[in-house]
Amino acid sequence: MTAEHQKISASTIAAIATGLTPSGVGMIRISGPEAVQISDKVFQPINGVPLLKRRGYTSAYGYICSNGEKIDEGIAAVYRAPFSYTGEDIVEISCHGGVYLMQKTLQAVLNHGAKPAGAGEFTKRAFLNGKISLDQAESVMDLIQANSASAARAALAGKDGALQKEIASIQRELVGIASHLAAWIDFPEEDVEELASSSLEQQLENSIIRLKNLNQGYDTGRLIREGIPTAIVGKPNVGKSTLMNLLSRYERSIVTDVPGTTRDIIEESVQVGGYVLRLADTAGLRETTDQVESIGIAWSRKKMDSSELVLAVFDMSQPLGEEDIELLNNLKGRTAIAILNKNDVASIQNISDYEKRISDKIPFVVAMSAQNGDGLEKLEQMIPNVLGLGRIDPSAAMLANERQRDCVNRSLRPLQDGLDAVQAGITLDAVSVCLEDAISPLMELTGERTSDVVIEQVFERFCVGK
């Protein structure tokens with residue numbers, strides 16, 4: 001443990017752990033060697049039994065005091081080291097959720113010797129005290145920031161150790177190989193059995209495949225966590241803004257019968273089928289001499305090209321036009337869904353014609369009415385399948401950020417070098433060095449071996465109180 005970490009473990013910290021806005025209940029968290037002693041000076045249990053005499057995982061009802069004056073009534077929950085979130089003594093004082101009362105309670109705790117907690121300091125202490133790994137700590141913030149059911153499941157899986165267990169399993173396999181090779185190289189007189197090239201090759205290939213699988217799932221995991229960039233495109237007056245409003249559940253975009261009403265890109269994050277779509281309602285695609293509308297159309301094309309998903313809207317009450325055909329040609333081979341809108345007013349002949357001509361370019365087609373919501377459920381079911389998200393298990397091991405992916409990539413390179421060396425018949429000394437270089441980044445990923453700088457970077461994005 002570094003001097004900085006020893007300093008942290010010797011101090012007692014406190015912070016408001018709930019949002020600093022009026023609410024039903026507010027909570028002040030205190031953690032450290034003097035957490036219970038300090039809390040006893042602030043909290044008076046109504047039954048007269050001080051917190052110092054209480055076992056862990058017990059609570060008391062009483063009064064919160066400042067300078068001998070009662071300021072609120074509340075509940076104090078005591079957690080004893082090492083069986084707490086941080087691994088230290090913790091007291092959580094719950095009071096009424098007024099901003100003044102929370103600040104007054106925190107100030108009373110600070111006046112008796114606690115120090116203000118920094119961003120993520122409670123979770124940092126949990127990591128430094130061995131309660132969680134570094135990747136699990138990162139999942140705590142992902143869980144707080146989750147904005148959809150799938151993102152929450154992925155973050156909870158990370159918090160429960162899904163990635164840590166997979167990395168630890170790969171690491172154990174590599175350490176086992178490295179240990180065998182080291183014994184064979186360094187102690188030839190002990191008659192250590194030499195690893196057969198075929199067995200060594202198979203074990204290295206297995207580890208490479210597992211790390212590559214994690215890498216390949218990163219982009220999909222990012223879409224689950226951050227949302228799917230989605231562009232709503234089509235010619236003017238096909239119902240793009242109406243669809244935007246339907247998915248947003250409120251009047252987000254202006255809807256009129258005048259072509260070219262939407263000139264700027266209107267963006268909104270919405271939940272559809274358990275996933276977040278970062279929607280962009282774009283200007284209608286058409287030829288125009290209007291300078292302002294032309295700029296909006298150019299932006300629309302850029303947004304379409306940069307999106308992970310395109311919702312291409314067509315008006316089935318009208319025949320396919322030149323703009324429709326051009327859009328279809330531009331979307332061939334892209335991840336897109338054709339929205340055949342206005343099925344409530346379209347003729348049977350138009351519907352049939354649209355489906356035949358569009359399905360050749362875009363295989364995923366939904367006939368719907370953005371005006372009354374008919375067909376929305378089918379669209380919601382189709383979106384994860386089009387993106388391949390339907391095959392992803394959010395509870396499986398998944399890389400959560402660029403730091404973790406970098407660690408995997410830095411492990412993969414020497415592993416591949418080691419495999420190449422085995423296949424080329426190069427001396428096993430070189431393979432042993434490659435294994436050492438591959439194991440180190442995996443230890444960085446979980447925090448078994450990492451620098452103070454990396455630790456600070458991980459926790460600086462946390463909120464105070466967590």
# chains A, B, ... in the order shown; residues from 1 in each chain; ligands from 1
$ residues_around --residues "range 69-75 of chain A" --least-positions-apart "3" --cutoff "6 Å" --atoms "only C-alpha atoms" --output "JSON list (two decimals) with all heavy atoms, in the first residue's frame"
[["chain", "number", "residue", "atom", "x", "y", "z"],
["A", 60, "ALA", "N", -30.83, 2.29, 14.48],
["A", 60, "ALA", "CA", -31.42, 2.93, 15.64],
["A", 60, "ALA", "C", -32.21, 4.15, 15.19],
["A", 60, "ALA", "O", -31.79, 4.88, 14.29],
["A", 60, "ALA", "CB", -30.34, 3.32, 16.64],
["A", 61, "TYR", "N", -33.35, 4.37, 15.86],
["A", 61, "TYR", "CA", -34.13, 5.58, 15.62],
["A", 61, "TYR", "C", -33.77, 6.60, 16.68],
["A", 61, "TYR", "O", -33.56, 6.26, 17.85],
["A", 61, "TYR", "CB", -35.62, 5.26, 15.68],
["A", 61, "TYR", "CG", -36.51, 6.48, 15.73],
["A", 61, "TYR", "CD1", -36.68, 7.29, 14.60],
["A", 61, "TYR", "CD2", -37.15, 6.85, 16.92],
["A", 61, "TYR", "CE1", -37.48, 8.42, 14.64],
["A", 61, "TYR", "CE2", -37.95, 7.97, 16.97],
["A", 61, "TYR", "CZ", -38.11, 8.75, 15.83],
["A", 61, "TYR", "OH", -38.90, 9.88, 15.89],
["A", 62, "GLY", "N", -33.65, 7.86, 16.29],
["A", 62, "GLY", "CA", -33.29, 8.87, 17.28],
["A", 62, "GLY", "C", -33.27, 10.27, 16.69],
["A", 62, "GLY", "O", -33.91, 10.55, 15.67],
["A", 63, "TYR", "N", -32.49, 11.13, 17.35],
["A", 63, "TYR", "CA", -32.42, 12.53, 16.96],
["A", 63, "TYR", "C", -31.03, 12.90, 16.45],
["A", 63, "TYR", "O", -30.00, 12.43, 16.97],
["A", 63, "TYR", "CB", -32.78, 13.43, 18.15],
["A", 63, "TYR", "CG", -34.22, 13.26, 18.60],
["A", 63, "TYR", "CD1", -34.51, 12.52, 19.74],
["A", 63, "TYR", "CD2", -35.26, 13.83, 17.88],
["A", 63, "TYR", "CE1", -35.83, 12.35, 20.16],
["A", 63, "TYR", "CE2", -36.58, 13.66, 18.29],
["A", 63, "TYR", "CZ", -36.85, 12.93, 19.42],
["A", 63, "TYR", "OH", -38.16, 12.75, 19.82],
["A", 64, "ILE", "N", -31.00, 13.77, 15.45],
["A", 64, "ILE", "CA", -29.75, 14.30, 14.91],
["A", 64, "ILE", "C", -29.53, 15.66, 15.55],
["A", 64, "ILE", "O", -30.44, 16.51, 15.56],
["A", 64, "ILE", "CB", -29.84, 14.43, 13.38],
["A", 64, "ILE", "CG1", -30.15, 13.07, 12.75],
["A", 64, "ILE", "CG2", -28.54, 14.99, 12.81],
["A", 64, "ILE", "CD1", -30.64, 13.15, 11.32],
["A", 65, "CYS", "N", -28.34, 15.85, 16.12],
["A", 65, "CYS", "CA", -28.07, 17.06, 16.88],
["A", 65, "CYS", "C", -26.87, 17.82, 16.34],
["A", 65, "CYS", "O", -25.93, 17.22, 15.79],
["A", 65, "CYS", "CB", -27.82, 16.71, 18.36],
["A", 65, "CYS", "SG", -29.18, 15.82, 19.13],
["A", 66, "SER", "N", -26.90, 19.12, 16.51],
["A", 66, "SER", "CA", -25.78, 19.99, 16.14],
["A", 66, "SER", "C", -25.59, 21.01, 17.24],
["A", 66, "SER", "O", -26.54, 21.75, 17.57],
["A", 66, "SER", "CB", -26.07, 20.68, 14.81],
["A", 66, "SER", "OG", -25.04, 21.59, 14.48],
["A", 93, "ILE", "N", -26.59, 7.85, 8.17],
["A", 93, "ILE", "CA", -27.63, 8.58, 8.89],
["A", 93, "ILE", "C", -28.66, 9.07, 7.89],
["A", 93, "ILE", "O", -28.35, 9.88, 7.01],
["A", 93, "ILE", "CB", -27.03, 9.76, 9.67],
["A", 93, "ILE", "CG1", -25.99, 9.27, 10.70],
["A", 93, "ILE", "CG2", -28.14, 10.54, 10.37],
["A", 93, "ILE", "CD1", -25.30, 10.39, 11.45],
["A", 94, "SER", "N", -29.88, 8.57, 8.04],
["A", 94, "SER", "CA", -30.97, 8.98, 7.16],
["A", 94, "SER", "C", -31.83, 10.03, 7.88],
["A", 94, "SER", "O", -32.22, 9.84, 9.03],
["A", 94, "SER", "CB", -31.84, 7.78, 6.78],
["A", 94, "SER", "OG", -31.07, 6.85, 6.04],
["A", 95, "CYS", "N", -32.07, 11.14, 7.19],
["A", 95, "CYS", "CA", -32.87, 12.23, 7.76],
["A", 95, "CYS", "C", -33.95, 12.61, 6.75],
["A", 95, "CYS", "O", -34.05, 12.01, 5.67],
["A", 95, "CYS", "CB", -31.98, 13.43, 8.07],
["A", 95, "CYS", "SG", -31.11, 14.11, 6.63]]
$ residues_around --residues "Gly24 in chain A" --least-positions-apart "4" --cutoff "8 Å" --atoms "only C-alpha atoms" --output "NGL selection string"
:A and (96-98)
$ select_by_dssp --residues "range 36-79 of chain A" --states "helix (DSSP H, G or I)" --output "PDB file with N, CA and C atoms, in the first residue's frame"
ATOM      1  N   VAL A  36     -18.045   5.468  13.740  1.00  0.00           N
ATOM      2  CA  VAL A  36     -19.052   5.251  14.774  1.00  0.00           C
ATOM      3  C   VAL A  36     -18.894   6.270  15.899  1.00  0.00           C
ATOM      4  N   GLN A  37     -17.650   6.548  16.288  1.00  0.00           N
ATOM      5  CA  GLN A  37     -17.409   7.525  17.359  1.00  0.00           C
ATOM      6  C   GLN A  37     -17.938   8.904  16.969  1.00  0.00           C
ATOM      7  N   ILE A  38     -17.652   9.331  15.762  1.00  0.00           N
ATOM      8  CA  ILE A  38     -18.114  10.642  15.294  1.00  0.00           C
ATOM      9  C   ILE A  38     -19.639  10.672  15.226  1.00  0.00           C
ATOM     10  N   SER A  39     -20.227   9.600  14.709  1.00  0.00           N
ATOM     11  CA  SER A  39     -21.687   9.543  14.584  1.00  0.00           C
ATOM     12  C   SER A  39     -22.356   9.608  15.949  1.00  0.00           C
ATOM     13  N   ASP A  40     -21.718   9.026  16.957  1.00  0.00           N
ATOM     14  CA  ASP A  40     -22.280   9.050  18.310  1.00  0.00           C
ATOM     15  C   ASP A  40     -22.390  10.471  18.862  1.00  0.00           C
ATOM     16  N   LYS A  41     -21.534  11.368  18.365  1.00  0.00           N
ATOM     17  CA  LYS A  41     -21.568  12.755  18.833  1.00  0.00           C
ATOM     18  C   LYS A  41     -22.662  13.563  18.139  1.00  0.00           C
ATOM     19  N   VAL A  42     -23.196  12.996  17.050  1.00  0.00           N
ATOM     20  CA  VAL A  42     -24.209  13.692  16.256  1.00  0.00           C
ATOM     21  C   VAL A  42     -25.590  13.076  16.433  1.00  0.00           C
ATOM     22  N   LEU A  51     -24.395   4.308  19.638  1.00  0.00           N
ATOM     23  CA  LEU A  51     -24.044   3.535  18.443  1.00  0.00           C
ATOM     24  C   LEU A  51     -22.800   2.692  18.663  1.00  0.00           C
ATOM     25  N   LEU A  52     -21.877   3.167  19.497  1.00  0.00           N
ATOM     26  CA  LEU A  52     -20.646   2.425  19.770  1.00  0.00           C
ATOM     27  C   LEU A  52     -20.916   1.029  20.327  1.00  0.00           C
ATOM     28  N   LYS A  53     -22.048   0.854  20.982  1.00  0.00           N
ATOM     29  CA  LYS A  53     -22.372  -0.443  21.577  1.00  0.00           C
ATOM     30  C   LYS A  53     -23.209  -1.326  20.649  1.00  0.00           C
TER      31      LYS A  53
END
$ residues_around --residues "range 414-429 of chain A" --least-positions-apart "3" --cutoff "8 Å" --atoms "only C-alpha atoms" --output "list in words"
Leu181, Ile185, Ser197, Leu200, Glu201, Leu204, Glu205, Ile208, Arg410, Ser411, Ser432, Val433, Cys434, Leu435, Asp437 and Ala438 of chain A
$ residues_around --residues "Pro363 in chain A" --least-positions-apart "3" --cutoff "10 Å" --atoms "only C-alpha atoms" --output "CSV table (one decimal) with C-alpha atoms, in the first residue's frame"
chain,number,residue,atom,x,y,z
A,332,LYS,CA,-28.4,-0.8,-49.5
A,333,GLY,CA,-26.1,-2.9,-47.2
A,335,THR,CA,-28.2,-1.3,-41.0
A,336,ALA,CA,-31.6,0.1,-41.6
A,337,ILE,CA,-35.3,-0.4,-41.1
A,338,ALA,CA,-37.8,0.7,-43.7
A,355,GLU,CA,-43.0,-4.0,-49.8
A,358,ILE,CA,-38.2,-1.9,-50.8
A,359,SER,CA,-37.4,-5.4,-49.4
A,360,ASP,CA,-34.8,-5.8,-52.2
A,366,VAL,CA,-42.4,-2.4,-40.9
A,386,VAL,CA,-31.5,-5.7,-36.7
$ atom_distance --atom1 "CA of Leu163 in chain A" --atom2 "CA of Ala397 in chain A"
4.3 Å
$ select_by_dssp --residues "range 267-409 of chain A" --states "strand (DSSP E or B)" --output "list of chain:residue names"
A:Glu267, A:Glu268, A:Ser269, A:Val270, A:Gln271, A:Val272, A:Tyr275, A:Val276, A:Leu277, A:Arg278, A:Leu279, A:Ala280, A:Asp281, A:Leu309, A:Val310, A:Leu311, A:Ala312, A:Val313, A:Phe314, A:Asp315, A:Ala336, A:Ile337, A:Ala338, A:Ile339, A:Leu340, A:Asn341, A:Val365, A:Val366, A:Ala367
$ atom_distance --atom1 "CA of Val365 in chain A" --atom2 "CA of Leu340 in chain A"
7.2 Å
$ residues_around --residues "range 148-156 of chain A" --least-positions-apart "5" --cutoff "7 Å" --atoms "only C-alpha atoms" --output "PDB file with all heavy atoms, in the first residue's frame"
ATOM      1  N   SER A 139     -17.937  -0.589 -12.849  1.00  0.00           N
ATOM      2  CA  SER A 139     -19.318  -0.987 -13.104  1.00  0.00           C
ATOM      3  C   SER A 139     -20.299  -0.300 -12.155  1.00  0.00           C
ATOM      4  O   SER A 139     -21.474  -0.142 -12.495  1.00  0.00           O
ATOM      5  CB  SER A 139     -19.468  -2.509 -12.972  1.00  0.00           C
ATOM      6  OG  SER A 139     -18.732  -3.168 -13.978  1.00  0.00           O
ATOM      7  N   ASP A 142     -21.178   2.774 -13.917  1.00  0.00           N
ATOM      8  CA  ASP A 142     -22.018   2.413 -15.066  1.00  0.00           C
ATOM      9  C   ASP A 142     -23.440   2.104 -14.615  1.00  0.00           C
ATOM     10  O   ASP A 142     -24.412   2.418 -15.314  1.00  0.00           O
ATOM     11  CB  ASP A 142     -21.431   1.205 -15.795  1.00  0.00           C
ATOM     12  CG  ASP A 142     -20.155   1.536 -16.551  1.00  0.00           C
ATOM     13  OD1 ASP A 142     -19.951   2.729 -16.854  1.00  0.00           O
ATOM     14  OD2 ASP A 142     -19.363   0.616 -16.823  1.00  0.00           O
ATOM     15  N   LEU A 143     -23.559   1.479 -13.435  1.00  0.00           N
ATOM     16  CA  LEU A 143     -24.885   1.139 -12.904  1.00  0.00           C
ATOM     17  C   LEU A 143     -25.653   2.413 -12.553  1.00  0.00           C
ATOM     18  O   LEU A 143     -26.853   2.529 -12.840  1.00  0.00           O
ATOM     19  CB  LEU A 143     -24.736   0.249 -11.672  1.00  0.00           C
ATOM     20  CG  LEU A 143     -25.972  -0.466 -11.129  1.00  0.00           C
ATOM     21  CD1 LEU A 143     -26.637  -1.310 -12.197  1.00  0.00           C
ATOM     22  CD2 LEU A 143     -25.607  -1.322  -9.931  1.00  0.00           C
ATOM     23  N   ILE A 224     -25.110  -0.703 -25.964  1.00  0.00           N
ATOM     24  CA  ILE A 224     -26.036  -0.986 -24.865  1.00  0.00           C
ATOM     25  C   ILE A 224     -25.912   0.072 -23.778  1.00  0.00           C
ATOM     26  O   ILE A 224     -26.899   0.566 -23.237  1.00  0.00           O
ATOM     27  CB  ILE A 224     -25.775  -2.394 -24.290  1.00  0.00           C
ATOM     28  CG1 ILE A 224     -26.183  -3.464 -25.308  1.00  0.00           C
ATOM     29  CG2 ILE A 224     -26.527  -2.592 -22.977  1.00  0.00           C
ATOM     30  CD1 ILE A 224     -25.849  -4.863 -24.880  1.00  0.00           C
ATOM     31  N   ARG A 225     -24.670   0.454 -23.453  1.00  0.00           N
ATOM     32  CA  ARG A 225     -24.449   1.411 -22.371  1.00  0.00           C
ATOM     33  C   ARG A 225     -24.772   2.844 -22.780  1.00  0.00           C
ATOM     34  O   ARG A 225     -25.402   3.588 -22.035  1.00  0.00           O
ATOM     35  CB  ARG A 225     -22.988   1.344 -21.896  1.00  0.00           C
ATOM     36  CG  ARG A 225     -22.597   0.084 -21.162  1.00  0.00           C
ATOM     37  CD  ARG A 225     -21.197   0.206 -20.607  1.00  0.00           C
ATOM     38  NE  ARG A 225     -20.242   0.565 -21.640  1.00  0.00           N
ATOM     39  CZ  ARG A 225     -19.661  -0.307 -22.467  1.00  0.00           C
ATOM     40  NH1 ARG A 225     -19.951  -1.582 -22.366  1.00  0.00           N
ATOM     41  NH2 ARG A 225     -18.797   0.080 -23.379  1.00  0.00           N
ATOM     42  N   GLN A 271     -36.193   5.404 -24.983  1.00  0.00           N
ATOM     43  CA  GLN A 271     -36.111   3.973 -24.731  1.00  0.00           C
ATOM     44  C   GLN A 271     -37.078   3.250 -25.658  1.00  0.00           C
ATOM     45  O   GLN A 271     -38.270   3.563 -25.689  1.00  0.00           O
ATOM     46  CB  GLN A 271     -36.444   3.657 -23.279  1.00  0.00           C
ATOM     47  CG  GLN A 271     -35.352   4.055 -22.304  1.00  0.00           C
ATOM     48  CD  GLN A 271     -35.452   3.289 -20.994  1.00  0.00           C
ATOM     49  OE1 GLN A 271     -35.718   2.095 -20.978  1.00  0.00           O
ATOM     50  NE2 GLN A 271     -35.223   3.993 -19.899  1.00  0.00           N
ATOM     51  N   GLY A 274     -36.357  -1.720 -24.503  1.00  0.00           N
ATOM     52  CA  GLY A 274     -35.333  -1.990 -23.498  1.00  0.00           C
ATOM     53  C   GLY A 274     -33.966  -1.429 -23.843  1.00  0.00           C
ATOM     54  O   GLY A 274     -33.018  -1.617 -23.089  1.00  0.00           O
ATOM     55  N   TYR A 275     -33.845  -0.732 -24.974  1.00  0.00           N
ATOM     56  CA  TYR A 275     -32.583  -0.118 -25.381  1.00  0.00           C
ATOM     57  C   TYR A 275     -32.800   1.382 -25.588  1.00  0.00           C
ATOM     58  O   TYR A 275     -33.921   1.837 -25.815  1.00  0.00           O
ATOM     59  CB  TYR A 275     -32.065  -0.751 -26.680  1.00  0.00           C
ATOM     60  CG  TYR A 275     -31.777  -2.223 -26.546  1.00  0.00           C
ATOM     61  CD1 TYR A 275     -32.759  -3.181 -26.834  1.00  0.00           C
ATOM     62  CD2 TYR A 275     -30.531  -2.671 -26.120  1.00  0.00           C
ATOM     63  CE1 TYR A 275     -32.503  -4.533 -26.690  1.00  0.00           C
ATOM     64  CE2 TYR A 275     -30.273  -4.032 -25.983  1.00  0.00           C
ATOM     65  CZ  TYR A 275     -31.249  -4.955 -26.267  1.00  0.00           C
ATOM     66  OH  TYR A 275     -30.987  -6.291 -26.123  1.00  0.00           O
ATOM     67  N   VAL A 276     -31.710   2.129 -25.517  1.00  0.00           N
ATOM     68  CA  VAL A 276     -31.785   3.571 -25.728  1.00  0.00           C
ATOM     69  C   VAL A 276     -31.385   3.895 -27.164  1.00  0.00           C
ATOM     70  O   VAL A 276     -30.323   3.477 -27.636  1.00  0.00           O
ATOM     71  CB  VAL A 276     -30.866   4.329 -24.750  1.00  0.00           C
ATOM     72  CG1 VAL A 276     -30.757   5.802 -25.148  1.00  0.00           C
ATOM     73  CG2 VAL A 276     -31.403   4.220 -23.333  1.00  0.00           C
ATOM     74  N   PRO A 394     -26.728  -9.516 -21.851  1.00  0.00           N
ATOM     75  CA  PRO A 394     -26.171  -8.409 -21.071  1.00  0.00           C
ATOM     76  C   PRO A 394     -25.542  -8.842 -19.758  1.00  0.00           C
ATOM     77  O   PRO A 394     -24.768  -8.090 -19.160  1.00  0.00           O
ATOM     78  CB  PRO A 394     -27.388  -7.503 -20.818  1.00  0.00           C
ATOM     79  CG  PRO A 394     -28.387  -7.891 -21.849  1.00  0.00           C
ATOM     80  CD  PRO A 394     -28.165  -9.358 -22.079  1.00  0.00           C
ATOM     81  N   SER A 395     -25.877 -10.058 -19.292  1.00  0.00           N
ATOM     82  CA  SER A 395     -25.314 -10.525 -18.021  1.00  0.00           C
ATOM     83  C   SER A 395     -23.978 -11.237 -18.210  1.00  0.00           C
ATOM     84  O   SER A 395     -23.348 -11.645 -17.237  1.00  0.00           O
ATOM     85  CB  SER A 395     -26.303 -11.469 -17.328  1.00  0.00           C
ATOM     86  OG  SER A 395     -26.508 -12.646 -18.111  1.00  0.00           O
TER      87      SER A 395
END
$ closest_residue --among "A:Thr123, A:Asn147, A:Asn129, A:Gln44" --to "Pro82 in chain A" --atoms "only C-alpha atoms"
A:Asn129
$ residues_around --residues "Gln203 in chain A" --least-positions-apart "4" --cutoff "8 Å" --atoms "only C-alpha atoms" --output "ChimeraX atom specification"
/A:173,199,207
$ write_last_selection --atoms "C-alpha atoms" --output "short mmCIF file (atom, residue, chain, number, x, y, z; two decimals), in the first residue's frame"
data_model
loop_
_atom_site.label_atom_id
_atom_site.label_comp_id
_atom_site.auth_asym_id
_atom_site.auth_seq_id
_atom_site.Cartn_x
_atom_site.Cartn_y
_atom_site.Cartn_z
CA GLU A 173 -4.48 -20.44 -17.35
CA SER A 199 -0.61 -28.66 -26.05
CA SER A 207 -6.71 -17.71 -24.35
#
$ atom_distance --atom1 "CA of Glu323 in chain A" --atom2 "CA of Val238 in chain A"
11.3 Å
$ residues_around --residues "Gln216 in chain A" --least-positions-apart "6" --cutoff "12 Å" --atoms "only C-alpha atoms" --output "PDB file with C-alpha atoms, in the first residue's frame"
ATOM      1  CA  ILE A 209      -9.946 -16.666 -28.632  1.00  0.00           C
ATOM      2  CA  ARG A 210     -11.432 -15.738 -25.250  1.00  0.00           C
ATOM      3  CA  ARG A 222     -20.935   0.347 -25.921  1.00  0.00           C
ATOM      4  CA  ILE A 392     -26.243 -10.579 -26.777  1.00  0.00           C
ATOM      5  CA  ALA A 397     -18.676 -10.770 -19.315  1.00  0.00           C
ATOM      6  CA  MET A 398     -18.316  -7.518 -21.259  1.00  0.00           C
ATOM      7  CA  LEU A 399     -15.641  -4.833 -21.583  1.00  0.00           C
ATOM      8  CA  ARG A 405     -10.148  -2.745 -23.977  1.00  0.00           C
ATOM      9  CA  VAL A 408      -7.021  -6.705 -23.445  1.00  0.00           C
ATOM     10  CA  ASN A 409      -5.268  -5.474 -26.599  1.00  0.00           C
TER      11      ASN A 409
END
$ closest_residue --among "A:Ser369, A:Asn329, A:Ser179, A:Gln404" --to "Asn215 in chain A" --atoms "only C-alpha atoms"
A:Gln404
$ decode --residues "range 78-85 of chain A" --atoms "all heavy atoms" --output "compact mmCIF listing (two decimals), in the first residue's frame"
# COMPACT_ATOMS: atom_id res chain seq x y z
N VAL A 78 -25.63 1.06 11.31
CA VAL A 78 -24.23 0.80 11.61
C VAL A 78 -23.76 -0.45 10.87
O VAL A 78 -24.42 -1.49 10.90
CB VAL A 78 -24.02 0.60 13.13
CG1 VAL A 78 -22.55 0.30 13.43
CG2 VAL A 78 -24.48 1.85 13.90
N TYR A 79 -22.60 -0.34 10.21
CA TYR A 79 -21.97 -1.47 9.52
C TYR A 79 -20.53 -1.57 10.02
O TYR A 79 -19.79 -0.59 9.99
CB TYR A 79 -21.98 -1.27 7.99
CG TYR A 79 -23.35 -1.03 7.43
CD1 TYR A 79 -23.86 0.26 7.32
CD2 TYR A 79 -24.14 -2.09 7.01
CE1 TYR A 79 -25.13 0.49 6.81
CE2 TYR A 79 -25.42 -1.87 6.49
CZ TYR A 79 -25.90 -0.57 6.39
OH TYR A 79 -27.15 -0.34 5.89
N ARG A 80 -20.15 -2.73 10.49
CA ARG A 80 -18.83 -2.92 11.09
C ARG A 80 -17.84 -3.51 10.08
O ARG A 80 -18.20 -4.39 9.28
CB ARG A 80 -18.92 -3.84 12.30
CG ARG A 80 -19.74 -3.27 13.46
CD ARG A 80 -19.01 -2.16 14.18
NE ARG A 80 -19.73 -1.69 15.36
CZ ARG A 80 -19.24 -0.81 16.23
NH1 ARG A 80 -18.03 -0.31 16.04
NH2 ARG A 80 -19.96 -0.42 17.27
N ALA A 81 -16.60 -3.02 10.14
CA ALA A 81 -15.53 -3.58 9.31
C ALA A 81 -15.29 -5.03 9.72
O ALA A 81 -15.39 -5.38 10.89
CB ALA A 81 -14.26 -2.75 9.50
N PRO A 82 -14.94 -5.90 8.77
CA PRO A 82 -14.75 -5.61 7.34
C PRO A 82 -16.02 -5.88 6.50
O PRO A 82 -15.96 -5.89 5.29
CB PRO A 82 -13.65 -6.60 6.96
CG PRO A 82 -13.97 -7.82 7.79
CD PRO A 82 -14.51 -7.28 9.11
N PHE A 83 -17.15 -6.06 7.20
CA PHE A 83 -18.38 -6.45 6.50
C PHE A 83 -19.22 -5.23 6.12
O PHE A 83 -20.35 -5.07 6.58
CB PHE A 83 -19.18 -7.43 7.36
CG PHE A 83 -18.38 -8.63 7.81
CD1 PHE A 83 -17.99 -8.75 9.13
CD2 PHE A 83 -17.99 -9.60 6.90
CE1 PHE A 83 -17.24 -9.85 9.54
CE2 PHE A 83 -17.24 -10.68 7.31
CZ PHE A 83 -16.85 -10.80 8.63
N SER A 84 -18.64 -4.38 5.31
CA SER A 84 -19.33 -3.19 4.84
C SER A 84 -18.92 -2.93 3.39
O SER A 84 -18.02 -3.58 2.86
CB SER A 84 -18.97 -1.99 5.71
OG SER A 84 -17.62 -1.60 5.47
N TYR A 85 -19.55 -1.95 2.78
CA TYR A 85 -19.25 -1.62 1.38
C TYR A 85 -17.78 -1.25 1.19
O TYR A 85 -17.12 -1.71 0.25
CB TYR A 85 -20.16 -0.49 0.92
CG TYR A 85 -19.91 -0.05 -0.51
CD1 TYR A 85 -20.26 -0.88 -1.58
CD2 TYR A 85 -19.35 1.19 -0.80
CE1 TYR A 85 -20.05 -0.48 -2.90
CE2 TYR A 85 -19.13 1.60 -2.11
CZ TYR A 85 -19.48 0.76 -3.15
OH TYR A 85 -19.26 1.14 -4.45
